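Peer 1: Got input.txt for you, compact mmCIF, C-alpha atoms:
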```txt
# COMPACT_ATOMS: atom_id res chain seq x y z
CA MET A 1058 86.40 98.67 99.67
CA ARG A 1059 85.32 102.19 98.91
CA LEU A 1060 86.36 102.12 95.25
CA ASP A 1061 84.52 99.61 93.05
CA ILE A 1062 87.60 99.29 90.85
CA LEU A 1063 89.44 97.72 93.81
CA ASN A 1064 86.69 95.12 94.17
CA ARG A 1065 85.99 94.41 90.52
CA GLY A 1066 88.52 96.08 88.24
CA TYR A 1067 90.77 93.10 87.54
CA GLY A 1068 91.62 91.29 84.32
CA PRO A 1069 90.90 87.58 83.73
CA GLY A 1070 94.37 86.43 84.81
CA THR A 1071 94.19 88.22 88.15
CA LYS A 1072 90.61 87.04 88.72
CA LEU A 1073 91.76 83.47 88.17
CA LEU A 1074 94.63 83.99 90.61
CA PHE A 1075 92.21 85.36 93.23
CA ALA A 1076 89.95 82.33 92.73
CA LEU A 1077 92.91 79.98 93.23
CA ILE A 1078 93.95 81.83 96.40
CA ARG A 1079 90.40 81.46 97.75
CA VAL A 1080 90.33 77.75 96.97
CA PHE A 1081 93.77 76.87 98.30
CA SER A 1082 93.85 79.14 101.35
CA GLY A 1083 90.20 78.66 102.26
CA ASN A 1084 90.05 82.40 102.92
CA PRO A 1085 88.97 85.40 100.86
CA VAL A 1086 91.75 87.39 99.19
CA PRO A 1087 92.71 90.12 101.69
CA ASP A 1088 92.08 93.67 100.50
CA ALA A 1089 95.79 94.41 101.08
CA ALA A 1090 96.59 91.90 98.33
CA LYS A 1091 93.86 93.22 96.03
CA LEU A 1092 95.28 96.75 96.29
CA VAL A 1093 98.72 95.76 95.01
CA PHE A 1094 97.18 93.81 92.12
CA TYR A 1095 95.19 96.79 90.84
CA ARG A 1096 97.15 98.63 88.13
CA PRO A 1097 100.38 97.32 89.70
CA ASP A 1098 102.43 99.55 87.45
CA PHE A 1099 101.13 102.62 89.30
CA TYR A 1100 101.70 101.50 92.90
CA GLY A 1101 101.79 97.76 93.65
CA ALA A 1102 105.02 96.78 91.94
CA GLN A 1103 107.20 99.47 93.53
CA ALA A 1104 105.35 99.34 96.86
CA LYS A 1105 105.95 95.60 97.16
CA LYS A 1106 109.66 96.03 96.43
CA PHE A 1107 110.09 98.74 99.05
CA THR A 1108 108.00 96.99 101.69
CA HIS A 1109 109.80 93.69 101.13
CA GLU A 1110 113.18 95.38 101.38
CA ALA A 1111 112.17 97.14 104.63
CA MET A 1112 110.55 94.08 106.21
CA ARG A 1113 112.66 91.21 104.89
CA GLY A 1114 115.86 92.77 103.54
CA PRO A 1115 119.13 92.47 105.50
CA SER A 1116 118.91 94.17 108.92
CA ALA A 1117 120.20 93.73 112.46
CA TRP A 1118 116.51 93.77 113.47
CA SER A 1119 114.82 90.40 113.31
CA VAL A 1120 111.76 89.86 111.12
CA ALA A 1121 109.75 89.60 114.34
CA ASP A 1122 111.03 92.97 115.57
CA ARG A 1123 110.14 94.61 112.26
CA GLU A 1124 106.66 93.06 112.24
CA LEU A 1125 106.21 94.39 115.78
CA MET A 1126 107.22 97.87 114.55
CA ALA A 1127 104.63 97.53 111.76
CA ALA A 1128 101.94 96.58 114.28
CA PHE A 1129 102.98 99.40 116.63
CA VAL A 1130 102.97 102.11 113.93
CA SER A 1131 99.59 100.81 112.76
CA LYS A 1132 98.26 101.05 116.32
CA VAL A 1133 99.33 104.70 116.50
CA ASN A 1134 97.55 105.30 113.18
CA GLU A 1135 94.46 103.45 114.51
CA CYS A 1136 94.50 101.21 111.46
CA ALA A 1137 92.51 98.16 112.56
CA PHE A 1138 93.29 96.03 109.49
CA CYS A 1139 97.07 96.51 109.77
CA VAL A 1140 97.07 96.09 113.55
CA GLY A 1141 95.29 92.75 113.08
CA ALA A 1142 97.56 91.61 110.26
CA HIS A 1143 100.87 92.54 111.88
CA THR A 1144 99.95 91.60 115.44
CA ALA A 1145 99.34 88.11 114.07
CA THR A 1146 102.55 88.14 112.01
CA ALA A 1147 104.74 89.44 114.85
CA GLY A 1148 103.14 86.96 117.26
CA GLN A 1149 103.94 84.03 114.96
CA ALA A 1150 107.45 85.32 114.23
CA TYR A 1151 108.28 85.63 117.95
CA GLN A 1152 106.21 82.54 118.77
CA ASP A 1153 104.98 84.79 121.57
CA GLY A 1154 101.66 86.53 120.96
CA ALA A 1155 101.53 87.76 124.55
CA LYS A 1156 104.70 89.81 124.08
CA VAL A 1157 103.18 91.59 121.08
CA GLN A 1158 99.92 92.25 122.93
CA ALA A 1159 101.88 93.65 125.89
CA VAL A 1160 103.78 96.10 123.65
CA LEU A 1161 100.57 97.33 122.02
CA ALA A 1162 98.83 97.65 125.39
CA ASP A 1163 101.64 99.52 127.19
CA LEU A 1164 105.05 99.94 125.58
CA GLU A 1165 106.73 101.19 128.76
CA SER A 1166 105.92 98.13 130.87
CA ALA A 1167 106.20 95.52 128.09
CA PRO A 1168 108.89 92.80 128.32
CA VAL A 1169 111.15 93.95 125.47
CA GLU A 1170 114.78 95.06 125.30
CA ASP A 1171 115.49 98.74 125.98
CA GLY A 1172 116.79 99.34 122.44
CA LEU A 1173 113.61 98.06 120.83
CA ARG A 1174 111.46 99.96 123.33
CA ALA A 1175 113.31 103.23 122.62
CA THR A 1176 113.00 102.65 118.88
CA LEU A 1177 109.26 102.00 119.09
CA ARG A 1178 108.84 105.10 121.25
CA MET A 1179 110.60 107.21 118.60
CA LEU A 1180 108.57 105.68 115.73
CA GLY A 1181 105.39 106.37 117.68
CA LYS A 1182 106.30 110.02 118.19
CA LEU A 1183 107.29 110.46 114.54
CA THR A 1184 104.04 108.88 113.33
CA ARG A 1185 101.85 110.78 115.82
CA GLU A 1186 103.47 114.22 115.64
CA GLY A 1187 105.03 114.15 112.17
CA LYS A 1188 108.43 115.07 113.53
CA VAL A 1189 111.24 114.00 115.84
CA GLY A 1190 114.38 115.81 116.94
CA ALA A 1191 118.04 114.94 117.31
CA GLU A 1192 117.40 114.46 121.05
CA ASP A 1193 114.85 111.72 120.32
CA MET A 1194 117.41 109.98 118.12
CA ARG A 1195 120.17 110.30 120.75
CA GLU A 1196 117.92 108.51 123.24
CA VAL A 1197 117.52 105.61 120.82
CA LEU A 1198 121.26 105.48 120.08
CA CYS A 1199 122.07 105.65 123.82
CA ALA A 1200 119.84 102.61 124.35
CA GLY A 1201 122.33 100.60 122.27
CA VAL A 1202 120.66 100.83 118.85
CA SER A 1203 123.04 101.38 115.93
CA ARG A 1204 122.63 104.17 113.42
CA GLN A 1205 121.92 101.56 110.76
CA GLN A 1206 119.19 100.01 112.88
CA VAL A 1207 117.53 103.42 113.27
CA GLU A 1208 117.58 103.85 109.49
CA ASP A 1209 116.11 100.37 109.06
CA ALA A 1210 113.35 101.14 111.56
CA LEU A 1211 112.55 104.38 109.71
CA ALA A 1212 112.09 102.38 106.50
CA VAL A 1213 109.57 100.11 108.26
CA CYS A 1214 107.84 103.23 109.60
CA ALA A 1215 107.64 104.75 106.10
CA ALA A 1216 106.26 101.55 104.57
CA PHE A 1217 103.53 101.21 107.18
CA ASN A 1218 102.57 104.83 107.31
CA THR A 1219 101.77 104.38 103.62
CA THR A 1220 99.95 101.06 103.98
CA ASP A 1221 97.97 102.19 107.04
CA ARG A 1222 96.70 105.26 105.19
CA LEU A 1223 95.63 103.25 102.17
CA ALA A 1224 93.97 100.57 104.32
CA ASP A 1225 91.91 103.20 106.13
CA ALA A 1226 91.17 105.40 103.12
CA PHE A 1227 90.15 102.55 100.80
CA GLY A 1228 88.37 100.76 103.64
CA PHE A 1229 90.09 97.38 103.86
CA GLU A 1230 87.67 94.82 105.26
CA LEU A 1231 88.81 93.18 108.50
CA LEU A 1232 89.59 89.47 108.36
CA SER A 1233 88.55 86.85 110.88
CA PRO A 1234 91.21 85.92 113.46
CA GLU A 1235 91.82 82.77 111.39
CA GLY A 1236 92.16 84.90 108.25
CA PHE A 1237 94.77 87.12 109.90
CA GLU A 1238 96.68 84.06 111.14
CA ALA A 1239 96.64 82.56 107.63
CA GLY A 1240 97.84 85.86 106.18
CA ALA A 1241 100.61 86.02 108.78
CA LYS A 1242 101.79 82.54 107.85
CA TYR A 1243 101.94 83.62 104.21
CA LEU A 1244 103.86 86.82 105.01
CA LEU A 1245 106.43 84.88 107.05
CA LYS A 1246 106.88 82.32 104.30
CA ARG A 1247 106.83 84.56 101.23
CA GLY A 1248 107.32 88.11 102.41
CA TYR A 1249 105.82 91.07 100.58
CA ARG A 1250 107.01 90.39 97.03
CA MET B 34 124.96 98.65 96.86
CA PRO B 35 124.88 98.70 100.69
CA ASP B 36 121.67 97.38 102.19
CA GLU B 37 120.61 100.74 103.64
CA ASP B 38 120.88 102.27 100.19
CA LYS B 39 118.71 99.50 98.77
CA LYS B 40 115.90 100.48 101.16
CA ARG B 41 116.26 104.16 100.33
CA ALA B 42 116.55 103.44 96.60
CA ALA B 43 113.39 101.30 96.64
CA HIS B 44 111.56 104.11 98.44
CA ARG B 45 112.78 106.71 95.95
CA ALA B 46 111.63 104.48 93.06
CA LEU B 47 108.13 104.31 94.58
CA VAL B 48 107.95 108.08 95.07
CA ASP B 49 109.27 108.72 91.58
CA ARG B 50 106.78 106.33 89.96
CA VAL B 51 103.80 107.78 91.79
CA LEU B 52 104.76 111.37 91.08
CA ASN B 53 106.18 111.21 87.59
CA GLY B 54 104.95 108.07 85.86
CA GLU B 55 101.99 107.68 83.56
CA GLY B 56 98.57 108.12 85.11
CA ARG B 57 94.98 109.28 84.74
CA THR B 58 95.80 112.41 86.74
CA SER B 59 98.44 114.97 85.83
CA PRO B 60 101.80 115.01 87.61
CA GLU B 61 100.76 118.44 88.96
CA GLN B 62 97.59 117.00 90.54
CA ARG B 63 99.60 114.16 92.07
CA ALA B 64 102.25 116.56 93.35
CA ARG B 65 99.60 118.63 95.14
CA ALA B 66 98.08 115.51 96.72
CA PHE B 67 101.57 114.29 97.68
CA SER B 68 102.29 117.64 99.40
CA ASN B 69 98.74 118.00 100.78
CA ALA B 70 98.80 121.58 99.51
CA ASP B 71 96.54 123.65 97.23
CA ILE B 72 93.90 120.94 96.96
CA PRO B 73 90.60 122.12 95.42
CA PRO B 74 87.59 122.01 97.78
CA PRO B 75 85.83 118.83 96.56
CA LEU B 76 89.02 116.85 97.16
CA HIS B 77 90.41 118.71 100.12
CA ALA B 78 88.67 116.75 102.89
CA LEU B 79 89.65 113.39 101.45
CA ILE B 80 93.29 114.20 100.75
CA ASP B 81 93.84 116.04 104.02
CA LYS B 82 92.37 113.14 105.98
CA VAL B 83 94.54 110.61 104.14
CA ALA B 84 97.59 112.65 105.08
CA THR B 85 96.73 113.64 108.64
CA ARG B 86 93.96 111.40 110.08
CA PRO B 87 93.34 108.47 107.74
CA ALA B 88 91.13 106.56 110.18
CA GLN B 89 88.53 109.33 109.76
CA VAL B 90 88.08 108.96 105.98
CA THR B 91 84.40 108.27 105.17
CA ASP B 92 82.29 107.14 102.23
CA ALA B 93 81.04 110.72 102.03
CA ASP B 94 84.58 112.01 101.36
CA PHE B 95 84.81 109.75 98.32
CA ALA B 96 81.24 110.57 97.25
CA ALA B 97 82.01 114.31 97.32
CA ALA B 98 85.14 113.85 95.23
CA LYS B 99 83.31 111.64 92.72
CA ALA B 100 80.39 114.08 92.47
CA SER B 101 82.81 116.78 91.39
CA GLY B 102 83.91 114.68 88.43
CA PHE B 103 86.90 112.65 89.61
CA SER B 104 86.87 109.07 88.37
CA GLU B 105 87.68 106.13 90.62
CA ASP B 106 91.02 105.66 88.87
CA GLN B 107 91.89 109.29 89.48
CA LEU B 108 90.97 108.99 93.16
CA PHE B 109 93.02 105.79 93.39
CA GLU B 110 96.05 107.75 92.17
CA LEU B 111 95.48 110.83 94.31
CA VAL B 112 94.86 108.90 97.54
CA ILE B 113 98.03 106.89 96.94
CA SER B 114 99.93 110.11 96.23
CA ALA B 115 98.73 111.61 99.51
CA ALA B 116 99.65 108.49 101.51
CA VAL B 117 103.08 108.15 99.91
CA GLY B 118 103.69 111.88 100.38
CA GLN B 119 102.97 111.93 104.11
CA SER B 120 105.11 108.82 104.64
CA ALA B 121 107.96 110.33 102.64
CA ARG B 122 107.88 113.41 104.87
CA LEU B 123 108.04 111.22 107.99
CA TYR B 124 110.92 109.22 106.53
CA GLU B 125 112.86 112.38 105.65
CA ALA B 126 112.17 113.96 109.06
CA GLY B 127 113.46 110.85 110.80
CA LEU B 128 116.58 110.60 108.67
CA ALA B 129 117.29 114.33 109.14
CA ALA B 130 117.00 114.03 112.94
CA LEU B 131 119.29 110.99 112.85
CA ALA B 132 121.85 112.86 110.76
CA GLU B 133 121.74 115.77 113.21
CA ALA B 134 122.18 113.41 116.17
CA THR B 135 125.22 111.79 114.60
CA VAL B 136 126.74 114.88 112.96
CA ASN B 137 130.04 114.54 114.77
CA GLY B 138 130.24 110.84 114.11
CA GLU B 139 130.06 110.17 117.85
CA ALA B 140 127.36 107.55 117.50
CA GLY B 141 126.57 104.42 115.58
```
Rewrite the structure from the file as structure tokens, please.
Peer 2:
Amino acid sequence: MRLDILNRGYGPGTKLLFALIRVFSGNPVPDAAKLVFYRPDFYGAQAKKFTHEAMRGPSAWSVADRELMAAFVSKVNECAFCVGAHTATAGQAYQDGAKVQAVLADLESAPVEDGLRATLRMLGKLTREGKVGAEDMREVLCAGVSRQQVEDALAVCAAFNTTDRLADAFGFELLSPEGFEAGAKYLLKRGYR
Amino acid sequence: MPDEDKKRAAHRALVDRVLNGEGRTSPEQRARAFSNADIPPPLHALIDKVATRPAQVTDADFAAAKASGFSEDQLFELVISAAVGQSARLYEAGLAALAEATVNGEAG
């Protein structure tokens, strides 16, 4: 990572925790985890709460759908770490990695429901252009998505526009495919808390 | 508390902590990074990239900021402020468009 404090600035308790994670998972501690353990009072504690609420809190969207949104927003932001992490997580959650790959390759031809497709299209526009209009929202609502689901999708979009930026700015190191799959398993079991 | 309010409340708590809590930078410095406005030259490239094209951040952007006297802890705070700020603007823009689309209560 680009800041030495994010590689080395941890107290003895956190260092011990990182060592245990390495031993028991057989993988290095992902930089995404290191970030939220550094001065957690400034960012990590509140960021985890918000991200967990967006990704695992009550919603008419499934966990798989929300992980796909996270992967899709990360793709628009060209954030390789988050694309890897959430492609793996969405693939495991759907038990269908091909579906996730199809959405990331070409949303319009991918085998997903129209409501999810319209929602992803809107999140992509918002992330890319920084704005959307009422007309964009009407298209999503007309595709059968409820107002509450749009709000829930916007929370996922906000969480990952933050995480993507931090991953790219701080320079999160990419994991191996096995590392991303192990991380995905953890995120599906434990969430973001 | 309804579930949608829990998401919004958790987001507001994050924004409030980053902007107004204790830190190694002043709340004013964090507010400028959050808004991506009035950033002094040695920091401008880094903060603007975090907000608008994060994939293009380089080691040199951090080196320039450090050379002008910012500590790593200060850059940690200002980069987070910039990332949280841009995301908050996207969230607000989306919610405002949704409110406009459903102003007559005809949907959802």
Peer 1: Under the rule that all atoms listed in the file are counted, which of A:Ala1145, A:Ala1121, A:Val1213, A:Val1080 is the nearest residue to chain B?
Peer 2: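 Of the candidates, the smallest distance to chain B is held by A:Val1213.
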Peer 1: Can you pull out every residue within 12 Å of Leu128 in chain B, counting only C-alpha atoms, but drop anything in the same chain fewer than 6 positions away, and send it as a list in words?
Peer 2: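 Residues near the query, excluding close chain neighbours: Leu1180, Leu1183, Lys1188, Val1189, Gly1190, Ala1191, Asp1193, Met1194, Arg1204, Gln1205, Gln1206, Val1207, Glu1208, Asp1209, Ala1210, Leu1211, Ala1212, Cys1214 and Ala1215 of chain A; Glu37, Arg41, Ala121, Arg122, Ala134, Thr135 and Val136 of chain B.
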Peer 1: Give me, please, the distance in Å between CA of Gln119 in chain B and CA of Ala1147 in chain A, quoted to one decimal.
Peer 2: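 Between CA of Gln119 in chain B and CA of Ala1147 in chain A the gap works out to 25.0 Å.
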Peer 1: Counting all atoms listed in the file, what is within 7 Å of Leu79 in chain B, bar same-chain residues fewer than 5 positions away, as a ChimeraX atom specification?
Peer 2: /B:90,94-95
Peer 1: Please save C-alpha atoms of the selected residues as a short mmCIF file (atom, residue, chain, number, x, y, z; two decimals), in the coordinates of the input.
Peer 2:
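Listed below is the output, again-v6.cif:
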```cif
data_model
loop_
_atom_site.label_atom_id
_atom_site.label_comp_id
_atom_site.auth_asym_id
_atom_site.auth_seq_id
_atom_site.Cartn_x
_atom_site.Cartn_y
_atom_site.Cartn_z
CA VAL B 90 88.08 108.96 105.98
CA ASP B 94 84.58 112.01 101.36
CA PHE B 95 84.81 109.75 98.32
#
```
Peer 1: Between A:Leu1244, A:Leu1073, A:Ser1082, A:Gly1141, which is the closest to Phe1229 in chain A once you count all atoms listed in the file?
Peer 2: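 Of A:Leu1244, A:Leu1073, A:Ser1082, A:Gly1141, the one nearest Phe1229 in chain A, counting all atoms listed in the file, is A:Gly1141.
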Peer 1: Find the spatial neighbours of Ala1167 in chain A, counting all atoms listed in the file, within a cut-off of 10 Å - ignore same-chain residues fewer than 3 positions away - and output them as a ChimeraX atom specification.
Peer 2: /A:1155-1164,1170,1174
Peer 1: Set the distance at 10 Å and use all atoms listed in the file: which residues neighbour Ala1175 in chain A once local chain neighbours fewer than 2 positions away are removed? I'd like the list as a list of chain:residue names.
Peer 2: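 Near neighbours after the sequence-gap exclusion: A:Leu1164, A:Glu1165, A:Val1169, A:Glu1170, A:Asp1171, A:Gly1172, A:Leu1173, A:Leu1177, A:Arg1178, A:Met1179, A:Leu1180, A:Gly1181, A:Asp1193, A:Met1194, A:Glu1196, A:Val1197, A:Leu1198, A:Cys1199, A:Ala1200, A:Gly1201, A:Val1202.
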Peer 1: Please write as a list in words the list of polymer residues whose atoms come within 7 Å of (99.7, 112.0, 98.8), counting all atoms listed in the file and keeping to the coordinates of the file.
Peer 2: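 The distance filter leaves exactly Ala66, Phe67, Ser68, Asn69, Ala84, Leu111, Val112, Ile113, Ser114, Ala115, Ala116, Val117, Gly118 and Gln119 of chain B.
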Peer 1: So which one's closest to chain B, A:Gly1114, A:Gly1070, A:Pro1234, A:Pro1085? Using all atoms listed in the file, please.
Peer 2: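 That would be A:Gly1114, the residue with the smallest distance to chain B.
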Peer 1: Can you work out which residues from chain B touch chain A at a cut-off of 7 Å (counting only C-alpha atoms) and hand them back as a PyMOL selection string?
Peer 2: chain B and resi 36+40+43-44+46-47+50-51+83+87-88+90+92+105+113+116-117+120-121+123-124+126-128+130-131+133-134+140-141
Peer 1: Pick the closest to Phe1138 in chain A from A:Ala1117, A:Asn1064, A:Gly1236, A:Leu1245: which is it, counting all atoms listed in the file?
Peer 2: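 With all atoms listed in the file as the atom set, the closest residue is A:Gly1236.
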